[in-house]
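Taking it in order: structure first as structure tokens, then the write-up.
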Amino acid sequence: MMSGPPSDEELVRSARDGEMAALGALLERHRAGMHAVALSVLGNRPDVEDAVQDAFLVAVRRIGDVRRAESVGAWLRMIVRNVCRSRLRSPDAPTPVPYLAMLPGATSPERILDRHAMRDWLWRAVEELSPTLRMTLMLRHFSPRTPSYEQIAELCGVPVGTVRSRLSEARTKLVAAMAATAESAHADAAALSRASARQAAETLAAAERGRFAELTAERWSPDVALYSGRQRVGGRDFLVRGMECDLEAGVRQRFVTAVTSRDVTIWEMDLVNPPDDPDHCPPAVAWLMTMKDGRPHEVRLFHG
């Protein structure tokens, strides 16, 4: 005799154990109820579906928090209700999606492996997005220093409305991609980030030793370009002169973190100004780099 579909309790247990297909099935099962809650809180607004997608991302990150598996539907509806209320208070508030510590409190080897599987599944889905959508999503939801819609628009050289529509499309496609890739093998996202972090540290160290030009000539695309919005403002020589001028003024960059995908990388840096000129530069800078053949090809600097 054929068995029926798995219960919520069975899906939650499987999701906690790192089975991504179970989590995807669980979210799809409760999508209609979550959408109804969003509609009741927000009304017939165009961002209702965005709120549901944001709630999905929160649930992915916090599935390990579910205490009563049989009440997971109520838990999911609570998440979407909170997301909607946050949107009413602050429409531009982002939903952070850390790529580490996806399952809080995981200390055993099994739990650590589960946590890594969740993270890699998420990044595998991110890789399914187009470069334009992936860049916008990474800036808004994955960067520790989340820029506003206006700042993302300036950085990418597009209107704010385009940023909003790209984010909406990216979130929708991300959830769909997570469902589609739930049972496929996932690359080690942490390894990519660790490698990128090493490259960032080596780049700053080379600059301190006066070897920034040499390193970028060796590791970056020969036609690497610096952009302000959509406008190209210079090439490698321009970047080298800018770094040298900062160092001569006593400004140092201190690496914070790297967020990376197949062809988009974000390096977050603190800017340390000299004691006699504490306001020389803003406190932080992000290097937004589009990669080509594994090398920086386009660079945009965002000061925050």
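By convention in this document, the chains of the structure tokens carry letters A, B, ... by their order, each chain's residues are numbered from 1, and ligands are numbered from 1 in the order they are shown.
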Within 12 Å of Pro5 of chain A using only C-alpha atoms, minus same-chain residues under 5 positions, as a ChimeraX atom specification: /A:10-11,22,25-26,29
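The nearest approach to Ala217 of chain A among the residues A:Asp65, A:Asp237, A:Asp54, A:Asp276, with only C-alpha atoms taken into account, belongs to A:Asp237.
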Members of segment 71-303 of chain A assigned strand (DSSP E) by DSSP, as number ranges by chain: A: 225-228, 231-235, 252-260, 264-272, 284-292, 295-303
Residue neighbourhood His35 of chain A, 10 Å, only C-alpha atoms, exclusion window fewer than 3 positions, as a count of residues only: 15
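One distance worth recording is that between atom CA of Ala69 of chain A and atom CA of Cys84 of chain A, which is 23.3 Å.
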Nearby residues (only C-alpha atoms) at most 10 Å from segment 126-131 of chain A, same-chain spacing under 6 positions excluded, as a list in words: Asp120, Leu137, Met138, Glu169, Ala170, Arg171, Lys173, Leu174, Val175, Ala176, Ala177, Met178, Ala180, Thr181, Ser261, Arg262, Asp263, Val264 and Thr290 of chain A
Let's have the selection written as a PDB file, in the first residue's frame, with N, CA and C atoms.
```pdb
ATOM      1  N   ASP A 120      25.692  26.004   1.381  1.00  0.00           N
ATOM      2  CA  ASP A 120      26.085  25.720   0.011  1.00  0.00           C
ATOM      3  C   ASP A 120      24.872  25.601  -0.902  1.00  0.00           C
ATOM      4  N   LEU A 137      21.185  41.353  -5.499  1.00  0.00           N
ATOM      5  CA  LEU A 137      20.802  40.571  -4.315  1.00  0.00           C
ATOM      6  C   LEU A 137      21.939  40.511  -3.308  1.00  0.00           C
ATOM      7  N   MET A 138      23.163  40.299  -3.770  1.00  0.00           N
ATOM      8  CA  MET A 138      24.312  40.213  -2.872  1.00  0.00           C
ATOM      9  C   MET A 138      24.540  41.526  -2.141  1.00  0.00           C
ATOM     10  N   GLU A 169      12.507  40.446  -8.428  1.00  0.00           N
ATOM     11  CA  GLU A 169      12.714  39.328  -9.345  1.00  0.00           C
ATOM     12  C   GLU A 169      13.761  38.359  -8.796  1.00  0.00           C
ATOM     13  N   ALA A 170      14.823  38.906  -8.197  1.00  0.00           N
ATOM     14  CA  ALA A 170      15.893  38.048  -7.673  1.00  0.00           C
ATOM     15  C   ALA A 170      15.397  37.174  -6.538  1.00  0.00           C
ATOM     16  N   ARG A 171      14.601  37.760  -5.631  1.00  0.00           N
ATOM     17  CA  ARG A 171      14.103  36.964  -4.509  1.00  0.00           C
ATOM     18  C   ARG A 171      13.176  35.851  -4.997  1.00  0.00           C
ATOM     19  N   LYS A 173      13.143  34.410  -7.974  1.00  0.00           N
ATOM     20  CA  LYS A 173      13.908  33.394  -8.687  1.00  0.00           C
ATOM     21  C   LYS A 173      14.820  32.619  -7.745  1.00  0.00           C
ATOM     22  N   LEU A 174      15.290  33.272  -6.670  1.00  0.00           N
ATOM     23  CA  LEU A 174      16.144  32.572  -5.719  1.00  0.00           C
ATOM     24  C   LEU A 174      15.382  31.436  -5.051  1.00  0.00           C
ATOM     25  N   VAL A 175      14.157  31.721  -4.598  1.00  0.00           N
ATOM     26  CA  VAL A 175      13.363  30.679  -3.955  1.00  0.00           C
ATOM     27  C   VAL A 175      13.068  29.549  -4.940  1.00  0.00           C
ATOM     28  N   ALA A 176      12.745  29.915  -6.193  1.00  0.00           N
ATOM     29  CA  ALA A 176      12.482  28.886  -7.207  1.00  0.00           C
ATOM     30  C   ALA A 176      13.740  28.060  -7.467  1.00  0.00           C
ATOM     31  N   ALA A 177      14.899  28.738  -7.518  1.00  0.00           N
ATOM     32  CA  ALA A 177      16.156  28.026  -7.766  1.00  0.00           C
ATOM     33  C   ALA A 177      16.512  27.110  -6.603  1.00  0.00           C
ATOM     34  N   MET A 178      16.181  27.530  -5.387  1.00  0.00           N
ATOM     35  CA  MET A 178      16.450  26.681  -4.219  1.00  0.00           C
ATOM     36  C   MET A 178      15.632  25.397  -4.300  1.00  0.00           C
ATOM     37  N   ALA A 180      14.592  24.063  -7.099  1.00  0.00           N
ATOM     38  CA  ALA A 180      15.069  23.289  -8.242  1.00  0.00           C
ATOM     39  C   ALA A 180      16.402  22.604  -7.979  1.00  0.00           C
ATOM     40  N   THR A 181      17.200  23.157  -7.068  1.00  0.00           N
ATOM     41  CA  THR A 181      18.543  22.611  -6.825  1.00  0.00           C
ATOM     42  C   THR A 181      18.628  21.860  -5.506  1.00  0.00           C
ATOM     43  N   SER A 261      30.606  35.014  -5.262  1.00  0.00           N
ATOM     44  CA  SER A 261      29.907  34.006  -6.054  1.00  0.00           C
ATOM     45  C   SER A 261      30.761  33.739  -7.286  1.00  0.00           C
ATOM     46  N   ARG A 262      30.206  33.060  -8.265  1.00  0.00           N
ATOM     47  CA  ARG A 262      31.001  32.684  -9.426  1.00  0.00           C
ATOM     48  C   ARG A 262      31.594  33.894 -10.143  1.00  0.00           C
ATOM     49  N   ASP A 263      30.828  34.959 -10.316  1.00  0.00           N
ATOM     50  CA  ASP A 263      31.343  36.086 -11.088  1.00  0.00           C
ATOM     51  C   ASP A 263      31.086  37.444 -10.439  1.00  0.00           C
ATOM     52  N   VAL A 264      30.714  37.450  -9.168  1.00  0.00           N
ATOM     53  CA  VAL A 264      30.566  38.711  -8.421  1.00  0.00           C
ATOM     54  C   VAL A 264      31.260  38.533  -7.069  1.00  0.00           C
ATOM     55  N   THR A 290      33.169  42.646 -10.618  1.00  0.00           N
ATOM     56  CA  THR A 290      32.651  41.659 -11.563  1.00  0.00           C
ATOM     57  C   THR A 290      33.839  40.890 -12.114  1.00  0.00           C
TER      58      THR A 290
END
```
Between atom CA of Trp123 of chain A and atom CA of Ala205 of chain A - distance in Å to one decimal: 28.8 Å
Option closest in space to Glu248 of chain A, from A:Pro147, A:Pro282, A:Gly210, A:Gly33 [counting only C-alpha atoms]: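 Residue with the minimum atom-to-atom distance to Glu248 of chain A: A:Gly210.
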Shell around Arg300 of chain A at 10 Å using only C-alpha atoms, local window under 5 positions removed, as a PyMOL selection string: chain A and resi 155-156+225-230+232+266+286-290
Members of segment 133-297 of chain A assigned alpha helix (DSSP H) by DSSP, as JSON, numbers by chain: {"A": [133, 134, 135, 136, 137, 149, 150, 151, 152, 153, 154, 155, 156, 160, 161, 162, 163, 164, 165, 166, 167, 168, 169, 170, 171, 172, 173, 174, 175, 176, 177, 178, 179, 180, 189, 190, 191, 192, 193, 194, 195, 196, 197, 198, 199, 200, 201, 202, 203, 204, 205, 206, 207, 208, 212, 213, 214, 215, 216, 217, 218, 219, 236, 237, 238, 239, 240, 241, 242, 243, 244, 245, 246, 247, 248]}
Contacts of Glu70 of chain A within 9 Å, only C-alpha atoms, excl. fewer than 6 positions in-chain, as a compact mmCIF listing (two decimals) with C-alpha atoms, in the first residue's frame:
```txt
# COMPACT_ATOMS: atom_id res chain seq x y z
CA SER A 7 3.79 15.16 7.61
CA ASP A 8 5.02 18.58 8.68
CA GLU A 9 6.83 16.93 11.59
CA VAL A 12 10.90 19.56 9.74
```
One-decimal distance in Å that lies between atom CA of Gly250 of chain A and atom CA of Pro274 of chain A: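 Atom CA of Gly250 of chain A lies 5.2 Å from atom CA of Pro274 of chain A.
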Residue nearest Ile63 of chain A - candidates A:Asn44, A:Ser14, A:Thr172, A:Thr136, atoms counted: only C-alpha atoms: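 Of A:Asn44, A:Ser14, A:Thr172, A:Thr136, the one nearest Ile63 of chain A, counting only C-alpha atoms, is A:Ser14.
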Residues near Leu76 of chain A, cut-off 9 Å, only C-alpha atoms, skip fewer than 2 positions along chain, as JSON, numbers by chain: {"A": [27, 30, 33, 34, 55, 56, 59, 71, 72, 73, 74, 78, 79, 80, 81]}
Would you put the residues from that selection into a file with N, CA and C atoms, as an mmCIF file, in the first residue's frame?
```
data_model
loop_
_atom_site.group_PDB
_atom_site.id
_atom_site.type_symbol
_atom_site.label_atom_id
_atom_site.label_comp_id
_atom_site.auth_asym_id
_atom_site.auth_seq_id
_atom_site.Cartn_x
_atom_site.Cartn_y
_atom_site.Cartn_z
ATOM 1 N N LEU A 27 8.212 24.613 2.635
ATOM 2 C CA LEU A 27 7.902 26.004 2.297
ATOM 3 C C LEU A 27 6.807 26.071 1.234
ATOM 4 N N HIS A 30 3.280 25.495 2.629
ATOM 5 C CA HIS A 30 2.678 26.569 3.420
ATOM 6 C C HIS A 30 2.700 27.922 2.701
ATOM 7 N N GLY A 33 -0.772 29.821 2.761
ATOM 8 C CA GLY A 33 -1.085 30.417 4.054
ATOM 9 C C GLY A 33 -0.234 31.628 4.352
ATOM 10 N N MET A 34 1.035 31.577 3.980
ATOM 11 C CA MET A 34 1.930 32.718 4.188
ATOM 12 C C MET A 34 1.503 33.904 3.318
ATOM 13 N N ALA A 55 10.270 36.149 3.807
ATOM 14 C CA ALA A 55 9.976 35.219 4.904
ATOM 15 C C ALA A 55 10.560 33.838 4.607
ATOM 16 N N PHE A 56 10.524 33.411 3.354
ATOM 17 C CA PHE A 56 11.141 32.146 2.986
ATOM 18 C C PHE A 56 12.623 32.150 3.354
ATOM 19 N N ALA A 59 13.133 31.791 6.993
ATOM 20 C CA ALA A 59 12.861 30.412 7.413
ATOM 21 C C ALA A 59 14.033 29.494 7.083
ATOM 22 N N SER A 71 3.794 22.557 14.744
ATOM 23 C CA SER A 71 3.270 23.923 14.623
ATOM 24 C C SER A 71 4.091 24.763 13.653
ATOM 25 N N VAL A 72 4.798 24.105 12.741
ATOM 26 C CA VAL A 72 5.670 24.849 11.835
ATOM 27 C C VAL A 72 4.876 25.809 10.945
ATOM 28 N N GLY A 73 3.628 25.453 10.611
ATOM 29 C CA GLY A 73 2.810 26.354 9.798
ATOM 30 C C GLY A 73 2.579 27.676 10.499
ATOM 31 N N ALA A 74 2.243 27.621 11.789
ATOM 32 C CA ALA A 74 2.054 28.848 12.567
ATOM 33 C C ALA A 74 3.356 29.621 12.678
ATOM 34 N N MET A 78 3.972 33.387 11.400
ATOM 35 C CA MET A 78 4.495 34.410 12.290
ATOM 36 C C MET A 78 5.667 35.147 11.636
ATOM 37 N N ILE A 79 6.522 34.401 10.958
ATOM 38 C CA ILE A 79 7.657 35.034 10.286
ATOM 39 C C ILE A 79 7.177 36.016 9.228
ATOM 40 N N VAL A 80 6.250 35.598 8.386
ATOM 41 C CA VAL A 80 5.795 36.493 7.329
ATOM 42 C C VAL A 80 5.055 37.689 7.911
ATOM 43 N N ARG A 81 4.349 37.495 9.024
ATOM 44 C CA ARG A 81 3.671 38.624 9.690
ATOM 45 C C ARG A 81 4.702 39.643 10.192
#
```
